[in-house]
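Heads up, the thing below is written out as structure tokens.
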Amino acid sequence: MNVFITSQIESVEKKMAGYHALLSYRYSNLCVKADPSSLLSVTLVMGSTEKDIEEVAEVARPKDDYHLIVIPKVQDFIMDINQAVQVAHPEFKVEQKPLGDGNDQHRFLLYEMPEVDKDRRDFLNQAVDSLYDECKARIEAVTNEQKMTFAEFLSGKPEELKEANDQLNKSHDDYMAKIQSLLNQKRQEIEEGYQRYLITHENDDTQTNSFDVTSSMRLSDE
């Protein structure tokens with residue numbers, strides 16, 4: 001493969017990789033299961049300085065899939081951090097928890113992902129399909145644009161043109177498979193969230209679980 005074809009293919013693949021990464025990032029912000037990367041967009045304005053959340057806090061996920069922990073590096077920043085997170089993700093439920101025993105003044109923020117009821121499941125599925133279609137269209141567009149470039153610059157060189165288009169089609173198919181995989185994974189995640197919601201609320205119409213009520217009251221007092 002000549003240098004021209006190689007450089008052009010590398011350029012196209014770089015664009016495709018960017019579209020794939022953007023789709024992955026957008027999916028992480030349609031929160032079902034907790035994903036620390038969903039907080040990458042959170043910034044705080046501290047005086048005249050803008051700071052990313054990683055500069056002022058540690059972000060982690062506990063053992064379960066539906067919570068995020070944010071631990072301020074400076075305790076005085078806790079309210080500012082929470083305000084910034086709530087701007088980015090107003091759907092998150094939040095609690096402040098002590099880092100140590102009950103007498104410890106240092107606290108962290110515990111965020112719970114929103115439940116996936118039927119309406120939210122429908123909204124999320126529509127959103128992921130729309131974002132997938134947008135990414136697919138971009139990959140198709142950059143592929144077709146490159147084919148036009150190859151046709152122009154390799155006119156009269158049918159063997160090289162075929163070689164270039166074959167490699168381009170392979171790159172196209174590879175990235176289409178990658179974004180299809182992202183779509184399938186996100187759809188599965190949404191369905192798991194919905195099934196979790198159904199299980200959690202299966203007795204709502206018949207009885208109130210007194211243990212859950214007591215537990216919730218106790219947590220809200222912490």
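Just remember, in the structure tokens the first chain shown is A, the second B, etc., residues are 1-based per chain, and ligands are 1-based in the order shown.
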
Using DSSP on the backbone coordinates, identify all residues within segment 12-114 of chain A classified as helix (DSSP H, G or I); present the result as JSON, numbers by chain. {"A": [12, 13, 14, 15, 16, 17, 18, 19, 20, 21, 22, 23, 24, 25, 26, 27, 28, 36, 37, 38, 39, 53, 54, 55, 56, 75, 76, 77, 78, 79, 80, 81, 82, 83, 84, 85, 86, 87, 88]}

So that I can see what lies close to Gln180 of chain A, please list as a VMD selection string the residues with an atom at most 12 Å from it, counting only C-alpha atoms and leaving out residues fewer than 2 positions away in the same chain. chain A and resid 20 23 to 24 128 to 129 131 to 133 135 to 136 173 to 178 182 to 187

If you run DSSP on the backbone, which residues of chain A are strand (DSSP E), as an NGL selection string? :A and (43-46 or 49-52 or 57-60 or 67-72 or 93-98 or 107-112)

Keeping N, CA and C atoms for every residue in the selection just given, could you write it to a file as a PDB file, in the first residue's frame?
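Okay, result.pdb is ready:
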ATOM      1  N   THR A  43     -17.214  20.871  36.364  1.00  0.00           N
ATOM      2  CA  THR A  43     -16.180  21.849  36.683  1.00  0.00           C
ATOM      3  C   THR A  43     -16.678  22.778  37.770  1.00  0.00           C
ATOM      4  N   LEU A  44     -15.745  23.272  38.573  1.00  0.00           N
ATOM      5  CA  LEU A  44     -16.062  24.212  39.649  1.00  0.00           C
ATOM      6  C   LEU A  44     -15.321  25.510  39.398  1.00  0.00           C
ATOM      7  N   VAL A  45     -15.987  26.617  39.661  1.00  0.00           N
ATOM      8  CA  VAL A  45     -15.337  27.926  39.574  1.00  0.00           C
ATOM      9  C   VAL A  45     -14.941  28.328  40.982  1.00  0.00           C
ATOM     10  N   MET A  46     -13.633  28.342  41.224  1.00  0.00           N
ATOM     11  CA  MET A  46     -13.084  28.691  42.533  1.00  0.00           C
ATOM     12  C   MET A  46     -12.403  30.052  42.405  1.00  0.00           C
ATOM     13  N   THR A  49     -10.601  30.905  39.088  1.00  0.00           N
ATOM     14  CA  THR A  49     -10.034  29.688  38.503  1.00  0.00           C
ATOM     15  C   THR A  49     -11.107  28.634  38.309  1.00  0.00           C
ATOM     16  N   GLU A  50     -11.072  27.965  37.170  1.00  0.00           N
ATOM     17  CA  GLU A  50     -11.976  26.849  36.905  1.00  0.00           C
ATOM     18  C   GLU A  50     -11.224  25.543  37.102  1.00  0.00           C
ATOM     19  N   LYS A  51     -11.790  24.652  37.895  1.00  0.00           N
ATOM     20  CA  LYS A  51     -11.126  23.389  38.212  1.00  0.00           C
ATOM     21  C   LYS A  51     -12.016  22.212  37.810  1.00  0.00           C
ATOM     22  N   ASP A  52     -11.371  21.175  37.265  1.00  0.00           N
ATOM     23  CA  ASP A  52     -12.079  19.926  37.016  1.00  0.00           C
ATOM     24  C   ASP A  52     -12.321  19.219  38.344  1.00  0.00           C
ATOM     25  N   ALA A  57     -11.548  16.542  44.140  1.00  0.00           N
ATOM     26  CA  ALA A  57     -12.201  15.409  44.790  1.00  0.00           C
ATOM     27  C   ALA A  57     -11.728  14.097  44.192  1.00  0.00           C
ATOM     28  N   GLU A  58     -11.904  13.031  44.957  1.00  0.00           N
ATOM     29  CA  GLU A  58     -11.688  11.668  44.472  1.00  0.00           C
ATOM     30  C   GLU A  58     -13.047  11.081  44.117  1.00  0.00           C
ATOM     31  N   VAL A  59     -13.132  10.469  42.935  1.00  0.00           N
ATOM     32  CA  VAL A  59     -14.383   9.867  42.481  1.00  0.00           C
ATOM     33  C   VAL A  59     -14.189   8.361  42.379  1.00  0.00           C
ATOM     34  N   ALA A  60     -15.120   7.616  42.943  1.00  0.00           N
ATOM     35  CA  ALA A  60     -15.013   6.159  42.920  1.00  0.00           C
ATOM     36  C   ALA A  60     -16.406   5.548  42.881  1.00  0.00           C
ATOM     37  N   HIS A  67     -24.209   3.428  42.467  1.00  0.00           N
ATOM     38  CA  HIS A  67     -23.812   4.555  43.302  1.00  0.00           C
ATOM     39  C   HIS A  67     -22.418   5.058  42.894  1.00  0.00           C
ATOM     40  N   LEU A  68     -22.201   6.345  43.107  1.00  0.00           N
ATOM     41  CA  LEU A  68     -20.882   6.953  42.974  1.00  0.00           C
ATOM     42  C   LEU A  68     -20.526   7.647  44.274  1.00  0.00           C
ATOM     43  N   ILE A  69     -19.248   7.582  44.636  1.00  0.00           N
ATOM     44  CA  ILE A  69     -18.737   8.257  45.830  1.00  0.00           C
ATOM     45  C   ILE A  69     -17.833   9.397  45.377  1.00  0.00           C
ATOM     46  N   VAL A  70     -18.060  10.571  45.937  1.00  0.00           N
ATOM     47  CA  VAL A  70     -17.208  11.723  45.669  1.00  0.00           C
ATOM     48  C   VAL A  70     -16.666  12.222  47.012  1.00  0.00           C
ATOM     49  N   ILE A  71     -15.349  12.155  47.187  1.00  0.00           N
ATOM     50  CA  ILE A  71     -14.705  12.534  48.450  1.00  0.00           C
ATOM     51  C   ILE A  71     -13.936  13.833  48.237  1.00  0.00           C
ATOM     52  N   PRO A  72     -14.361  14.939  48.844  1.00  0.00           N
ATOM     53  CA  PRO A  72     -13.643  16.211  48.668  1.00  0.00           C
ATOM     54  C   PRO A  72     -12.228  16.136  49.213  1.00  0.00           C
ATOM     55  N   LYS A  93     -29.645  11.349  42.946  1.00  0.00           N
ATOM     56  CA  LYS A  93     -30.013  11.533  44.347  1.00  0.00           C
ATOM     57  C   LYS A  93     -28.722  11.585  45.159  1.00  0.00           C
ATOM     58  N   VAL A  94     -28.682  12.457  46.175  1.00  0.00           N
ATOM     59  CA  VAL A  94     -27.428  12.649  46.903  1.00  0.00           C
ATOM     60  C   VAL A  94     -27.655  12.578  48.404  1.00  0.00           C
ATOM     61  N   GLU A  95     -26.688  12.014  49.095  1.00  0.00           N
ATOM     62  CA  GLU A  95     -26.630  12.018  50.558  1.00  0.00           C
ATOM     63  C   GLU A  95     -25.209  12.375  50.978  1.00  0.00           C
ATOM     64  N   GLN A  96     -25.088  13.054  52.106  1.00  0.00           N
ATOM     65  CA  GLN A  96     -23.778  13.266  52.722  1.00  0.00           C
ATOM     66  C   GLN A  96     -23.575  12.190  53.780  1.00  0.00           C
ATOM     67  N   LYS A  97     -22.402  11.598  53.775  1.00  0.00           N
ATOM     68  CA  LYS A  97     -22.093  10.517  54.703  1.00  0.00           C
ATOM     69  C   LYS A  97     -20.774  10.813  55.415  1.00  0.00           C
ATOM     70  N   PRO A  98     -20.639  10.404  56.685  1.00  0.00           N
ATOM     71  CA  PRO A  98     -19.353  10.584  57.377  1.00  0.00           C
ATOM     72  C   PRO A  98     -18.306   9.622  56.844  1.00  0.00           C
ATOM     73  N   ARG A 107     -16.813  14.445  55.585  1.00  0.00           N
ATOM     74  CA  ARG A 107     -17.932  13.772  54.960  1.00  0.00           C
ATOM     75  C   ARG A 107     -17.673  13.604  53.455  1.00  0.00           C
ATOM     76  N   PHE A 108     -18.385  12.658  52.878  1.00  0.00           N
ATOM     77  CA  PHE A 108     -18.316  12.472  51.434  1.00  0.00           C
ATOM     78  C   PHE A 108     -19.732  12.500  50.857  1.00  0.00           C
ATOM     79  N   LEU A 109     -19.803  12.586  49.532  1.00  0.00           N
ATOM     80  CA  LEU A 109     -21.083  12.636  48.840  1.00  0.00           C
ATOM     81  C   LEU A 109     -21.366  11.279  48.202  1.00  0.00           C
ATOM     82  N   LEU A 110     -22.541  10.751  48.468  1.00  0.00           N
ATOM     83  CA  LEU A 110     -22.956   9.472  47.895  1.00  0.00           C
ATOM     84  C   LEU A 110     -24.090   9.746  46.914  1.00  0.00           C
ATOM     85  N   TYR A 111     -23.833   9.467  45.653  1.00  0.00           N
ATOM     86  CA  TYR A 111     -24.826   9.705  44.610  1.00  0.00           C
ATOM     87  C   TYR A 111     -25.452   8.393  44.156  1.00  0.00           C
ATOM     88  N   GLU A 112     -26.768   8.383  44.099  1.00  0.00           N
ATOM     89  CA  GLU A 112     -27.505   7.210  43.622  1.00  0.00           C
ATOM     90  C   GLU A 112     -28.051   7.495  42.230  1.00  0.00           C
TER      91      GLU A 112
END

Taken to one decimal, the atom CA of Val116 of chain A-atom CA of Tyr194 of chain A distance is 4.9 Å

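If you count only C-alpha atoms and ignore residues fewer than 4 places along the chain from Tyr25 of chain A, what sits within 9 Å of it is His20, Ala21, Asn29, Ser37 and Ser38 of chain A.
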